[in-house]
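Engineer: Here you go, query.txt (compact mmCIF, C-alpha atoms):
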```
# COMPACT_ATOMS: atom_id res chain seq x y z
CA MET A 9 58.27 -12.85 8.91
CA TYR A 10 58.86 -15.20 6.04
CA VAL A 11 55.71 -17.29 5.84
CA ALA A 12 57.26 -20.40 4.45
CA ALA A 13 59.58 -20.38 7.39
CA GLU A 14 56.61 -20.70 9.75
CA GLY A 15 55.92 -24.08 8.28
CA VAL A 16 52.14 -23.54 8.48
CA GLU A 17 51.19 -24.56 4.97
CA HIS A 18 47.55 -25.33 5.08
CA HIS A 19 45.37 -26.45 2.21
CA PRO A 20 42.76 -23.72 1.84
CA LEU A 21 39.94 -26.17 1.10
CA VAL A 22 40.50 -28.13 4.30
CA PRO A 23 38.67 -26.56 7.22
CA ILE A 24 40.33 -26.09 10.58
CA TRP A 25 38.11 -28.07 12.91
CA GLN A 26 38.42 -25.62 15.80
CA GLU A 27 37.07 -22.93 13.49
CA LEU A 28 34.11 -25.14 12.60
CA VAL A 29 33.29 -25.39 16.29
CA ILE A 30 33.82 -21.71 17.01
CA GLY A 31 31.86 -20.73 13.91
CA THR A 32 28.94 -22.95 14.91
CA ILE A 33 28.83 -21.72 18.49
CA ALA A 34 29.23 -18.06 17.58
CA PHE A 35 26.63 -18.16 14.84
CA ALA A 36 24.25 -20.14 17.03
CA LEU A 37 24.61 -17.52 19.75
CA LEU A 38 23.96 -14.76 17.23
CA CYS A 39 20.88 -16.55 15.91
CA PHE A 40 19.59 -17.27 19.39
CA VAL A 41 19.86 -13.69 20.62
CA LEU A 42 18.57 -11.99 17.49
CA LEU A 43 15.82 -14.48 16.69
CA LYS A 44 14.58 -14.45 20.26
CA PHE A 45 14.85 -10.81 21.23
CA VAL A 46 14.94 -8.72 18.10
CA MET A 47 13.41 -10.28 15.01
CA PRO A 48 9.93 -11.04 16.38
CA ARG A 49 9.56 -7.40 17.38
CA MET A 50 10.90 -6.37 14.01
CA GLU A 51 8.23 -8.38 12.20
CA ALA A 52 5.57 -7.14 14.62
CA MET A 53 6.67 -3.56 14.01
CA TYR A 54 6.64 -4.21 10.30
CA GLN A 55 3.08 -5.48 10.48
CA ALA A 56 2.05 -2.62 12.78
CA ARG A 57 3.43 -0.12 10.31
CA VAL A 58 1.69 -1.78 7.39
CA ASP A 59 -1.51 -1.73 9.43
CA ALA A 60 -0.99 1.89 10.38
CA ILE A 61 -0.43 2.94 6.79
CA GLU A 62 -3.24 0.84 5.38
CA GLY A 63 -5.47 1.81 8.29
CA GLY A 64 -4.70 5.48 7.67
CA LEU A 65 -5.51 5.09 4.01
CA LYS A 66 -8.70 3.26 4.87
CA ARG A 67 -9.70 5.96 7.35
CA ALA A 68 -9.01 8.64 4.77
CA GLU A 69 -11.06 6.75 2.24
CA ALA A 70 -13.90 6.37 4.71
CA ALA A 71 -13.78 10.09 5.52
CA GLN A 72 -13.77 10.90 1.83
CA ALA A 73 -16.70 8.60 1.23
CA GLU A 74 -18.57 10.15 4.13
CA ALA A 75 -17.89 13.66 2.85
CA ASN A 76 -19.09 12.64 -0.60
CA GLN A 77 -22.19 11.12 0.89
CA LEU A 78 -22.90 14.28 2.90
CA LEU A 79 -22.39 16.42 -0.16
CA GLU A 80 -24.73 14.18 -2.10
CA GLN A 81 -27.24 14.41 0.72
CA TYR A 82 -27.01 18.20 0.86
CA ARG A 83 -27.44 18.39 -2.87
CA ALA A 84 -30.46 16.16 -2.70
CA GLN A 85 -31.90 18.24 0.12
CA LEU A 86 -31.25 21.43 -1.78
CA ALA A 87 -32.95 20.06 -4.87
CA GLU A 88 -35.83 18.90 -2.72
CA VAL A 89 -36.14 22.35 -1.16
CA ARG A 90 -36.06 23.94 -4.60
CA THR A 91 -38.81 21.73 -5.95
CA GLU A 92 -40.74 22.32 -2.75
CA ALA A 93 -40.44 26.08 -3.20
CA ALA A 94 -41.47 25.79 -6.81
CA ARG A 95 -44.40 23.66 -5.81
CA ILE A 96 -45.47 26.18 -3.17
CA ARG A 97 -45.21 28.98 -5.71
CA ASP A 98 -47.26 27.01 -8.18
CA ASP A 99 -49.80 26.21 -5.51
CA ALA A 100 -50.00 29.85 -4.51
CA ARG A 101 -50.44 30.87 -8.11
CA ALA A 102 -53.12 28.24 -8.59
CA ASP A 103 -54.79 29.31 -5.33
CA ALA A 104 -54.75 32.94 -6.38
CA GLU A 105 -56.24 32.00 -9.72
CA SER A 106 -58.96 29.91 -8.14
CA ILE A 107 -59.68 32.63 -5.57
CA ARG A 108 -59.93 35.18 -8.36
CA THR A 109 -62.33 33.05 -10.39
CA GLU A 110 -64.27 32.31 -7.24
CA ILE A 111 -64.55 35.98 -6.37
CA LEU A 112 -65.50 36.77 -9.93
CA ALA A 113 -68.10 34.06 -9.92
CA LYS A 114 -69.44 35.27 -6.61
CA ALA A 115 -69.54 38.86 -7.86
CA ARG A 116 -71.28 37.77 -10.99
CA GLU A 117 -73.73 35.74 -8.97
CA GLU A 118 -74.25 38.68 -6.64
CA SER A 119 -74.82 41.04 -9.49
CA ASP A 120 -77.17 38.52 -11.08
CA ARG A 121 -78.93 38.20 -7.79
CA ILE A 122 -79.17 41.97 -7.41
CA ILE A 123 -80.42 42.29 -10.95
CA ALA A 124 -82.92 39.50 -10.39
CA ALA A 125 -84.05 41.12 -7.13
CA GLY A 126 -84.46 44.44 -8.95
CA ARG A 127 -86.40 42.75 -11.64
CA ASP A 128 -88.57 40.97 -9.07
CA SER A 129 -89.24 44.13 -7.15
CA LEU A 130 -90.03 45.86 -10.40
CA ALA A 131 -92.46 43.12 -11.30
CA VAL A 132 -93.99 43.24 -7.86
CA GLU A 133 -94.26 47.02 -8.08
CA ARG A 134 -95.75 46.74 -11.52
CA GLN A 135 -98.30 44.24 -10.27
CA THR A 136 -99.07 46.42 -7.33
CA ILE A 137 -99.45 49.34 -9.67
CA VAL A 138 -101.55 47.26 -12.03
CA ARG A 139 -103.67 46.13 -9.12
CA GLU A 140 -103.99 49.65 -7.84
CA LEU A 141 -104.72 50.82 -11.35
CA ARG A 142 -107.31 48.18 -11.75
CA ALA A 143 -108.98 49.23 -8.57
CA GLU A 144 -108.68 52.85 -9.62
CA VAL A 145 -109.86 52.00 -13.16
CA GLY A 146 -112.89 50.34 -11.59
CA GLY A 147 -113.58 53.47 -9.54
CA LEU A 148 -112.96 55.64 -12.51
CA ALA A 149 -115.21 53.47 -14.68
CA VAL A 150 -117.93 53.77 -12.11
CA ASP A 151 -117.25 57.48 -11.97
CA LEU A 152 -117.29 57.69 -15.72
CA ALA A 153 -120.43 55.66 -16.00
CA SER A 154 -122.17 57.81 -13.43
CA ARG A 155 -121.04 60.87 -15.34
CA ILE A 156 -122.22 59.37 -18.60
CA VAL A 157 -125.47 58.42 -17.09
CA GLY A 158 -125.75 61.84 -15.41
CA GLU A 159 -125.37 63.77 -18.66
CA SER A 160 -127.67 63.50 -21.70
CA LEU A 161 -126.90 60.56 -23.68
CA ALA A 162 -128.37 61.97 -26.86
CA ASP A 163 -125.45 63.81 -28.10
CA GLU A 164 -123.19 61.10 -29.43
CA ALA A 165 -120.57 63.60 -30.35
CA ARG A 166 -120.44 64.89 -26.86
CA ARG A 167 -120.48 61.36 -25.55
CA LYS A 168 -117.54 60.65 -27.80
CA GLY A 169 -115.79 63.74 -26.45
CA THR A 170 -116.34 62.59 -22.92
CA VAL A 171 -114.78 59.23 -23.61
CA GLU A 172 -111.94 60.96 -25.33
CA ARG A 173 -111.38 63.21 -22.40
CA PHE A 174 -111.61 60.38 -19.95
CA LEU A 175 -108.96 58.41 -21.74
CA THR A 176 -106.73 61.42 -21.99
CA ASP A 177 -107.20 61.95 -18.30
CA LEU A 178 -106.45 58.31 -17.74
CA GLU A 179 -103.29 58.49 -19.81
CA SER A 180 -102.06 61.58 -18.15
CA ALA A 181 -102.78 59.99 -14.81
CA GLY A 182 -100.82 56.91 -15.86
CA ALA A 183 -97.96 59.04 -17.11
CA ARG A 184 -97.75 60.82 -13.84
CA MET B 27 64.85 -10.39 -8.29
CA SER B 28 61.68 -10.57 -6.25
CA GLY B 29 63.41 -12.86 -3.82
CA GLN B 30 66.05 -10.18 -3.23
CA LEU B 31 63.33 -7.59 -2.69
CA VAL B 32 61.56 -9.72 -0.14
CA ALA B 33 64.78 -10.34 1.64
CA ALA B 34 65.40 -6.61 1.69
CA GLU B 35 61.97 -5.51 2.92
CA GLY B 36 60.72 -8.52 4.83
CA LEU B 37 57.52 -8.47 2.79
CA PRO B 38 55.89 -11.80 1.90
CA TRP B 39 56.23 -11.74 -1.84
CA PRO B 40 54.63 -13.21 -3.84
CA PRO B 41 51.40 -13.57 -1.81
CA SER B 42 50.68 -17.19 -1.04
CA VAL B 43 48.21 -19.39 0.76
CA GLY B 44 50.38 -19.05 3.81
CA ASP B 45 49.26 -15.43 4.11
CA PHE B 46 45.81 -16.67 5.00
CA TYR B 47 47.10 -18.61 8.01
CA PRO B 48 48.77 -16.18 10.34
CA PRO B 49 50.25 -17.64 13.51
CA ASP B 50 47.76 -18.39 16.28
CA LEU B 51 47.41 -15.83 19.02
CA ALA B 52 46.90 -18.34 21.82
CA GLY B 53 46.49 -21.85 20.61
CA PRO B 54 44.12 -23.02 17.84
CA TRP B 55 41.02 -21.74 19.63
CA VAL B 56 42.01 -18.13 19.89
CA THR B 57 43.13 -16.89 16.51
CA LYS B 58 42.61 -13.73 14.52
CA PHE B 59 39.82 -15.52 12.66
CA THR B 60 37.88 -16.80 15.64
CA LEU B 61 38.21 -13.40 17.33
CA MET B 62 36.85 -11.72 14.19
CA VAL B 63 33.84 -14.03 14.20
CA TRP B 64 33.19 -13.20 17.85
CA LEU B 65 33.60 -9.55 16.99
CA ALA B 66 31.03 -9.82 14.20
CA VAL B 67 28.60 -11.58 16.53
CA GLY B 68 29.15 -8.96 19.21
CA LEU B 69 28.75 -6.04 16.83
CA LEU B 70 25.52 -7.41 15.38
CA ILE B 71 24.01 -8.18 18.78
CA VAL B 72 24.92 -4.75 20.10
CA PHE B 73 23.67 -3.02 16.96
CA PHE B 74 20.30 -4.78 16.89
CA MET B 75 19.74 -4.65 20.63
CA ALA B 76 20.59 -0.95 20.72
CA THR B 77 18.50 0.04 17.73
CA TYR B 78 15.60 -2.20 18.64
CA ARG B 79 15.51 -1.80 22.38
CA ASN B 80 12.56 0.53 22.20
CA PRO B 81 11.02 0.33 18.73
CA LYS B 82 8.59 3.02 17.66
CA LEU B 83 6.09 3.19 14.86
CA VAL B 84 7.92 6.26 13.61
CA PRO B 85 11.48 4.93 13.73
CA SER B 86 14.64 6.59 14.93
CA LYS B 87 17.62 6.58 12.57
CA GLY B 88 19.14 3.40 14.00
CA GLN B 89 15.83 1.62 14.09
CA TRP B 90 15.22 2.67 10.52
CA MET B 91 18.57 1.20 9.46
CA ALA B 92 17.87 -2.09 11.21
CA GLU B 93 14.45 -2.21 9.64
CA SER B 94 15.80 -1.41 6.20
CA VAL B 95 18.06 -4.46 6.36
CA TYR B 96 15.17 -6.58 7.57
CA GLY B 97 12.86 -5.13 4.91
CA LEU B 98 15.42 -5.81 2.18
CA VAL B 99 15.81 -9.45 3.18
CA ARG B 100 12.11 -9.91 3.89
CA ASP B 101 10.73 -8.42 0.70
CA ASN B 102 13.54 -8.75 -1.82
CA ILE B 103 14.85 -12.18 -0.84
CA ALA B 104 12.39 -14.17 1.25
CA ARG B 105 9.18 -13.09 -0.46
CA GLU B 106 10.76 -12.85 -3.88
CA GLN B 107 12.09 -16.43 -3.72
CA MET B 108 9.44 -18.17 -1.65
CA GLY B 109 6.29 -16.12 -1.85
CA ARG B 110 4.26 -15.49 1.28
CA ASP B 111 5.68 -18.63 2.95
CA GLY B 112 9.07 -16.97 2.94
CA ILE B 113 8.17 -14.30 5.45
CA ARG B 114 8.42 -16.65 8.42
CA PHE B 115 12.02 -17.40 7.37
CA ALA B 116 12.87 -13.72 6.98
CA PRO B 117 14.24 -13.37 10.56
CA TYR B 118 16.78 -16.15 10.06
CA PHE B 119 17.70 -14.88 6.61
CA THR B 120 18.27 -11.44 8.05
CA VAL B 121 20.63 -12.78 10.70
CA LEU B 122 22.45 -14.84 8.07
CA PHE B 123 22.69 -11.90 5.70
CA CYS B 124 23.99 -9.52 8.36
CA PHE B 125 26.54 -12.03 9.60
CA ILE B 126 27.92 -12.66 6.11
CA VAL B 127 27.96 -8.95 5.23
CA VAL B 128 29.84 -8.01 8.39
CA THR B 129 32.35 -10.84 8.19
CA ASN B 130 32.89 -10.15 4.47
CA LEU B 131 33.42 -6.46 5.08
CA PHE B 132 36.15 -7.28 7.59
CA GLY B 133 38.22 -7.95 4.47
CA ILE B 134 38.63 -4.23 3.91
CA VAL B 135 38.48 -2.94 7.47
CA PRO B 136 41.88 -1.48 8.36
CA GLY B 137 43.57 -3.54 11.05
CA LEU B 138 41.54 -6.66 10.29
CA GLN B 139 41.91 -6.68 6.51
CA ILE B 140 40.86 -10.25 5.97
CA SER B 141 37.45 -11.85 5.97
CA PRO B 142 36.85 -14.84 8.24
CA ASN B 143 35.02 -16.33 5.26
CA SER B 144 38.35 -16.77 3.49
CA HIS B 145 38.80 -19.70 5.84
CA ILE B 146 36.45 -22.30 4.43
CA ALA B 147 35.38 -23.49 7.89
CA PHE B 148 32.96 -20.58 8.37
CA PRO B 149 31.25 -20.83 4.96
CA ILE B 150 30.95 -24.58 5.62
CA VAL B 151 29.12 -23.94 8.88
CA LEU B 152 26.68 -21.55 7.20
CA ALA B 153 26.15 -23.75 4.16
CA LEU B 154 25.65 -26.80 6.37
CA ILE B 155 22.92 -25.01 8.30
CA SER B 156 21.17 -24.09 5.04
CA TYR B 157 21.62 -27.66 3.79
CA VAL B 158 20.16 -29.29 6.90
CA MET B 159 17.42 -26.70 6.93
CA TYR B 160 16.13 -27.32 3.44
CA LEU B 161 16.41 -31.10 3.73
CA TYR B 162 14.60 -31.10 7.06
CA ILE B 163 11.90 -28.73 5.87
CA GLY B 164 11.35 -30.75 2.70
CA ALA B 165 11.17 -34.05 4.60
CA ARG B 166 8.86 -32.60 7.24
CA LYS B 167 6.49 -31.08 4.74
CA HIS B 168 6.16 -33.98 2.31
CA GLY B 169 7.50 -36.97 4.29
CA LEU B 170 10.95 -38.33 3.56
CA GLY B 171 9.94 -40.74 0.77
CA ARG B 172 7.84 -38.28 -1.11
CA TYR B 173 10.41 -35.54 -0.70
CA LEU B 174 13.13 -37.76 -2.17
CA LYS B 175 10.87 -38.82 -5.01
CA GLN B 176 9.98 -35.23 -5.70
CA SER B 177 13.59 -34.14 -5.64
CA LEU B 178 14.93 -36.94 -7.79
CA ILE B 179 12.23 -37.75 -10.31
CA LEU B 180 11.29 -35.22 -12.91
CA PRO B 181 7.68 -35.56 -13.99
CA GLY B 182 6.80 -35.99 -17.65
CA VAL B 183 10.10 -37.57 -18.73
CA PRO B 184 10.31 -40.86 -20.69
CA TRP B 185 11.32 -43.55 -18.18
CA PRO B 186 14.69 -44.57 -19.69
CA MET B 187 15.83 -40.99 -19.15
CA HIS B 188 15.61 -41.52 -15.41
CA PHE B 189 18.79 -43.64 -15.49
CA LEU B 190 20.52 -40.46 -16.48
CA LEU B 191 18.45 -37.91 -14.63
CA ILE B 192 18.19 -39.41 -11.17
CA PRO B 193 21.94 -39.39 -10.49
CA ILE B 194 22.16 -35.86 -11.88
CA GLU B 195 19.29 -34.67 -9.74
CA PHE B 196 20.76 -36.43 -6.71
CA LEU B 197 24.13 -34.77 -7.23
CA GLN B 198 22.44 -31.45 -7.83
CA THR B 199 20.27 -31.45 -4.72
CA PHE B 200 22.35 -33.31 -2.19
CA VAL B 201 25.95 -32.59 -3.16
CA VAL B 202 26.40 -29.68 -5.52
CA ARG B 203 24.08 -27.25 -3.77
CA PRO B 204 25.76 -27.22 -0.34
CA VAL B 205 29.28 -27.48 -1.73
CA THR B 206 28.85 -24.60 -4.17
CA LEU B 207 27.15 -22.56 -1.47
CA ALA B 208 30.19 -22.87 0.79
CA VAL B 209 32.86 -22.73 -1.89
CA ARG B 210 31.37 -19.72 -3.68
CA LEU B 211 31.51 -17.57 -0.58
CA PHE B 212 34.91 -18.87 0.46
CA ALA B 213 36.46 -18.48 -2.98
CA ASN B 214 35.21 -14.95 -3.44
CA MET B 215 36.64 -13.84 -0.12
CA PHE B 216 39.85 -15.77 -0.66
CA ALA B 217 40.38 -14.33 -4.14
CA GLY B 218 39.42 -10.84 -3.01
CA HIS B 219 42.03 -10.91 -0.28
CA LEU B 220 44.61 -12.27 -2.68
CA ILE B 221 43.93 -9.48 -5.17
CA LEU B 222 44.29 -6.82 -2.47
CA LEU B 223 47.51 -8.45 -1.33
CA VAL B 224 48.90 -8.53 -4.86
CA PHE B 225 48.30 -4.84 -5.46
CA THR B 226 49.16 -3.53 -1.99
CA VAL B 227 52.21 -5.64 -1.24
CA GLY B 228 53.19 -5.48 -4.89
CA GLY B 229 53.08 -1.70 -4.68
CA PHE B 230 55.43 -1.68 -1.71
CA VAL B 231 57.75 -4.14 -3.39
CA MET B 232 57.89 -1.89 -6.46
CA LEU B 233 58.48 1.16 -4.29
CA ALA B 234 61.44 -0.57 -2.68
CA SER B 235 62.99 -1.18 -6.07
CA ASP B 236 66.25 0.48 -7.09
CA ASN B 237 64.80 1.43 -10.43
CA ILE B 238 63.10 4.84 -10.49
CA PHE B 239 60.62 3.77 -13.22
CA ILE B 240 59.44 0.81 -11.20
CA GLN B 241 59.09 3.06 -8.16
CA ILE B 242 56.90 5.48 -10.16
CA SER B 243 54.75 2.73 -11.57
CA SER B 244 54.00 1.56 -8.03
CA VAL B 245 51.44 4.38 -8.02
CA ALA B 246 49.37 2.36 -10.48
CA ALA B 247 49.47 -0.60 -8.09
CA PHE B 248 48.22 1.52 -5.18
CA VAL B 249 45.46 3.03 -7.29
CA MET B 250 44.40 -0.45 -8.29
CA ALA B 251 44.49 -1.53 -4.64
CA ILE B 252 42.10 1.29 -3.72
CA LEU B 253 39.78 0.49 -6.64
CA MET B 254 39.84 -3.17 -5.71
CA ALA B 255 38.97 -2.30 -2.10
CA PHE B 256 35.79 -0.61 -3.37
CA PHE B 257 35.17 -3.56 -5.62
CA GLU B 258 35.52 -5.83 -2.58
CA VAL B 259 32.72 -3.91 -0.83
CA LEU B 260 30.50 -4.70 -3.77
CA VAL B 261 31.57 -8.35 -3.74
CA ALA B 262 31.03 -8.57 0.03
CA LEU B 263 27.43 -7.36 -0.24
CA LEU B 264 26.74 -9.30 -3.40
CA GLN B 265 28.02 -12.60 -2.01
CA ALA B 266 25.94 -12.21 1.12
CA TYR B 267 22.92 -11.50 -1.06
CA VAL B 268 23.64 -14.49 -3.28
CA PHE B 269 24.16 -16.82 -0.33
CA VAL B 270 20.88 -15.85 1.31
CA THR B 271 18.97 -15.81 -1.98
CA LEU B 272 20.14 -19.32 -2.85
CA THR B 273 19.30 -20.57 0.64
CA ALA B 274 15.82 -19.09 0.27
CA ASN B 275 15.51 -20.64 -3.16
CA TYR B 276 16.49 -24.09 -1.90
CA ILE B 277 14.09 -23.93 1.03
CA GLY B 278 11.42 -22.68 -1.34
CA SER B 279 11.97 -25.65 -3.66
CA SER B 280 11.72 -27.98 -0.65
CA LEU B 281 8.36 -26.47 0.22
CA ALA B 282 7.10 -26.51 -3.36
CA ASP B 283 4.59 -29.19 -4.27
CA GLU B 284 6.19 -30.00 -7.58
CA HIS B 285 9.74 -30.55 -8.70
```
Go ahead and express the file in the form of structure tokens.
Structural biologist:
Amino acid sequence: MYVAAEGVEHHPLVPIWQELVIGTIAFALLCFVLLKFVMPRMEAMYQARVDAIEGGLKRAEAAQAEANQLLEQYRAQLAEVRTEAARIRDDARADAESIRTEILAKAREESDRIIAAGRDSLAVERQTIVRELRAEVGGLAVDLASRIVGESLADEARRKGTVERFLTDLESAGAR
Amino acid sequence: MSGQLVAAEGLPWPPSVGDFYPPDLAGPWVTKFTLMVWLAVGLLIVFFMATYRNPKLVPSKGQWMAESVYGLVRDNIAREQMGRDGIRFAPYFTVLFCFIVVTNLFGIVPGLQISPNSHIAFPIVLALISYVMYLYIGARKHGLGRYLKQSLILPGVPWPMHFLLIPIEFLQTFVVRPVTLAVRLFANMFAGHLILLVFTVGGFVMLASDNIFIQISSVAAFVMAILMAFFEVLVALLQAYVFVTLTANYIGSSLADEH
């Protein structure tokens, strides 16, 4: 197997034309098959995967955002409820206060009214008494006068004693 | 002395260009190299069809591997070089990348042990496709005249400089780019195979020596051959990456609105 003996000395930079043809046909076949049947699906799969990954990330982000929003909402609701409760407590306290003052005012008014009524009835009673007294005093005066006239008027001292007695009687009657 | 060794062992020493042109299997159409290209095409079609027959959002292991390759080319090459416009080219770049990686790796697969890309015909085919692609895309986007003007004339340069710059830019865009694209890949695979040959065959030649010290030092040659095989894996991947990255870069510059 001595190469020189074969006599096939070929310049390495000169192509063998049959190889050019074979190379072209073979590579063209390879390109045709792969570019038609494989590579488009490869690119499509590549895009689908990118979409899937980015879509997944987007979905996760959306879920996260939604969770945050819900949390925010719950917090807001909680705060609202708290202020509401505080407001109700305040209202209740204010109501109680106003009811107390109202009751107090009413009681005071009532007591004033009762006192006034007592006073009025007292006054009425007094007037009645005065009126009765007046009528009685009239009767008594007539009585006294008739007694004075009936007895001798000469004795001034006695007369004086009579008046004194009358008044004492009157006073004791009034005290009674 | 080496001539005597070769005669003794029947090993082709020293490695030569002839080693890259084994005898045809059945005429010029059916050779080791054309069969390897068909094998690469078959392997890639089977791999992608099998792993992507029923793609799921949560991928199986095979699907994940196929998608990793696509993701690497899509995000680290197409989008890196061309921005968002690059994504529509990602499928072609992926096919190109896989084809170059597989054919390059044939260089260290036992039994095959040479990359089809060490025959310049295959890099030429791939570079030619990239070349036509970026010219066509540039001309279609901007119109032929404007595309040429954009490619050749640098803005903001004093006009006498254009006598110098236009030929340079022309060479750069229309000659150097495709040629270097093809030659870079070819030369890397060619040199890689040559290095492996030197250390492997050299090791055997040393082992066949009469001298005990030379026989012992053949161990160093085999160790180097193994290290170089790993190095070739790196080169195989790197050259595929470079080829696709440059193609993306050229197409990107065709699409760009400024020079």
Engineer: Please determine, counting only C-alpha atoms, which residue among B:Met91, B:Val63, B:Pro181, B:Val135 has the shortest atom-to-atom distance to Ala76 of chain B.
Structural biologist: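 Looking at the shortest contact to Ala76 of chain B, the residue is B:Met91.
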Engineer: Name the residues in contact with Gly229 of chain B at a cut-off of 9 Å, using all atoms listed in the file, excluding same-chain residues fewer than 5 positions from it; report them as a list in words.
Structural biologist: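 My list of contacting residues is Val224, Ala234, Gln241, Ser243, Ser244, Val245, Ala246, Ala247, Phe248 and Ala251 of chain B.
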Engineer: Expressed in Å to a single decimal, how great is the separation between atom CA of Pro23 of chain A and atom CA of His145 of chain B?
Structural biologist: 7.0 Å
Engineer: Got a sec to pull out which chain B residues are within 6 Å of chain A, counting all atoms listed in the file, and send them as a list in words?
Structural biologist: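 On the chain B side, the interface is Gly44, Val67, Pro117, Ile146, Ala147 and Phe148 of chain B.
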Engineer: Write to file, as a compact mmCIF listing (two decimals), in the coordinates of the input, the residues of the selection just made, with C-alpha atoms.
Structural biologist:
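Output saved as part.txt:
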```txt
# COMPACT_ATOMS: atom_id res chain seq x y z
CA GLY B 44 50.38 -19.05 3.81
CA VAL B 67 28.60 -11.58 16.53
CA PRO B 117 14.24 -13.37 10.56
CA ILE B 146 36.45 -22.30 4.43
CA ALA B 147 35.38 -23.49 7.89
CA PHE B 148 32.96 -20.58 8.37
```
Engineer: Could you state the separation of atom CA of His219 of chain B and atom CA of Leu264 of chain B in Å, given to one decimal place?
Structural biologist: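 For atom CA of His219 of chain B relative to atom CA of Leu264 of chain B, the distance reads 15.7 Å.
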Engineer: Within 9 Å of segment 171-182 of chain A, counting all atoms listed in the file, which residues qualify if same-chain residues fewer than 5 places away don't, as a ChimeraX atom specification?
Structural biologist: /A:141,145,148,152,156,166
Engineer: Show me the residues close to (28.7, -7.8, 0.5) - anything with an atom within 9 Å, counting all atoms listed in the file - and format the list as a list in words.
Structural biologist: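 Residues with an atom close enough to that point: Phe123, Ile126, Val127, Val128, Asn130, Leu131, Glu258, Val259, Leu260, Val261, Ala262, Leu263, Leu264, Gln265, Ala266 and Tyr267 of chain B.
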Engineer: Can you tell me how far atom CA of Ala165 of chain B sits from atom CA of Ala282 of chain B, in Å to one decimal?
Structural biologist: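 Atom-to-atom, atom CA of Ala165 of chain B and atom CA of Ala282 of chain B are spaced 11.7 Å apart.
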Engineer: Write out as a tab-separated table a residue-level contact list of segment 21-96 of chain A versus segment 100-122 of chain A with cut-off 12 Å: for each qualifying residue the closest pair of atoms and the distance in Å to one decimal, counting only C-alpha atoms, rows sorted by chain and residue number upward.
Structural biologist:
```
residue	atom	partner	partner_atom	distance
A:Ala93	CA	A:Ala100	CA	10.4
A:Ala94	CA	A:Ala100	CA	9.7
A:Arg95	CA	A:Ala100	CA	8.4
A:Ile96	CA	A:Ala100	CA	6.0
```
Engineer: Contacts of Arg203 of chain B at 10 Å or less, counting all atoms listed in the file, minus same-chain residues fewer than 2 places along, as a PyMOL selection string?
Structural biologist: chain B and resi 153+156-157+197-201+205-208+272-273+276
Engineer: Atoms are missing here; could segment 25-37 of chain A be completed with N, CA and C atoms and written as a PDB file, in the coordinates of the input?
Structural biologist:
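What follows is the written file part08.pdb:
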```pdb
ATOM      1  N   TRP A  25      39.284 -27.585  12.171  1.00  0.00           N
ATOM      2  CA  TRP A  25      38.110 -28.070  12.910  1.00  0.00           C
ATOM      3  C   TRP A  25      37.732 -27.171  14.075  1.00  0.00           C
ATOM      4  N   GLN A  26      38.733 -26.546  14.697  1.00  0.00           N
ATOM      5  CA  GLN A  26      38.420 -25.620  15.800  1.00  0.00           C
ATOM      6  C   GLN A  26      37.568 -24.450  15.288  1.00  0.00           C
ATOM      7  N   GLU A  27      37.841 -24.038  14.054  1.00  0.00           N
ATOM      8  CA  GLU A  27      37.070 -22.930  13.490  1.00  0.00           C
ATOM      9  C   GLU A  27      35.634 -23.365  13.190  1.00  0.00           C
ATOM     10  N   LEU A  28      35.480 -24.633  12.797  1.00  0.00           N
ATOM     11  CA  LEU A  28      34.110 -25.140  12.600  1.00  0.00           C
ATOM     12  C   LEU A  28      33.328 -25.018  13.908  1.00  0.00           C
ATOM     13  N   VAL A  29      33.975 -25.416  14.994  1.00  0.00           N
ATOM     14  CA  VAL A  29      33.290 -25.390  16.290  1.00  0.00           C
ATOM     15  C   VAL A  29      32.982 -23.955  16.708  1.00  0.00           C
ATOM     16  N   ILE A  30      34.013 -23.109  16.619  1.00  0.00           N
ATOM     17  CA  ILE A  30      33.820 -21.710  17.010  1.00  0.00           C
ATOM     18  C   ILE A  30      32.738 -21.063  16.145  1.00  0.00           C
ATOM     19  N   GLY A  31      32.841 -21.309  14.835  1.00  0.00           N
ATOM     20  CA  GLY A  31      31.860 -20.730  13.910  1.00  0.00           C
ATOM     21  C   GLY A  31      30.445 -21.148  14.277  1.00  0.00           C
ATOM     22  N   THR A  32      30.270 -22.447  14.559  1.00  0.00           N
ATOM     23  CA  THR A  32      28.940 -22.950  14.910  1.00  0.00           C
ATOM     24  C   THR A  32      28.422 -22.300  16.183  1.00  0.00           C
ATOM     25  N   ILE A  33      29.281 -22.275  17.203  1.00  0.00           N
ATOM     26  CA  ILE A  33      28.830 -21.720  18.490  1.00  0.00           C
ATOM     27  C   ILE A  33      28.507 -20.233  18.348  1.00  0.00           C
ATOM     28  N   ALA A  34      29.427 -19.505  17.691  1.00  0.00           N
ATOM     29  CA  ALA A  34      29.230 -18.060  17.580  1.00  0.00           C
ATOM     30  C   ALA A  34      27.969 -17.747  16.790  1.00  0.00           C
ATOM     31  N   PHE A  35      27.790 -18.433  15.676  1.00  0.00           N
ATOM     32  CA  PHE A  35      26.630 -18.160  14.840  1.00  0.00           C
ATOM     33  C   PHE A  35      25.343 -18.586  15.547  1.00  0.00           C
ATOM     34  N   ALA A  36      25.423 -19.688  16.275  1.00  0.00           N
ATOM     35  CA  ALA A  36      24.250 -20.140  17.030  1.00  0.00           C
ATOM     36  C   ALA A  36      23.867 -19.103  18.078  1.00  0.00           C
ATOM     37  N   LEU A  37      24.882 -18.564  18.744  1.00  0.00           N
ATOM     38  CA  LEU A  37      24.610 -17.520  19.750  1.00  0.00           C
ATOM     39  C   LEU A  37      23.937 -16.309  19.092  1.00  0.00           C
TER      40      LEU A  37
END
```
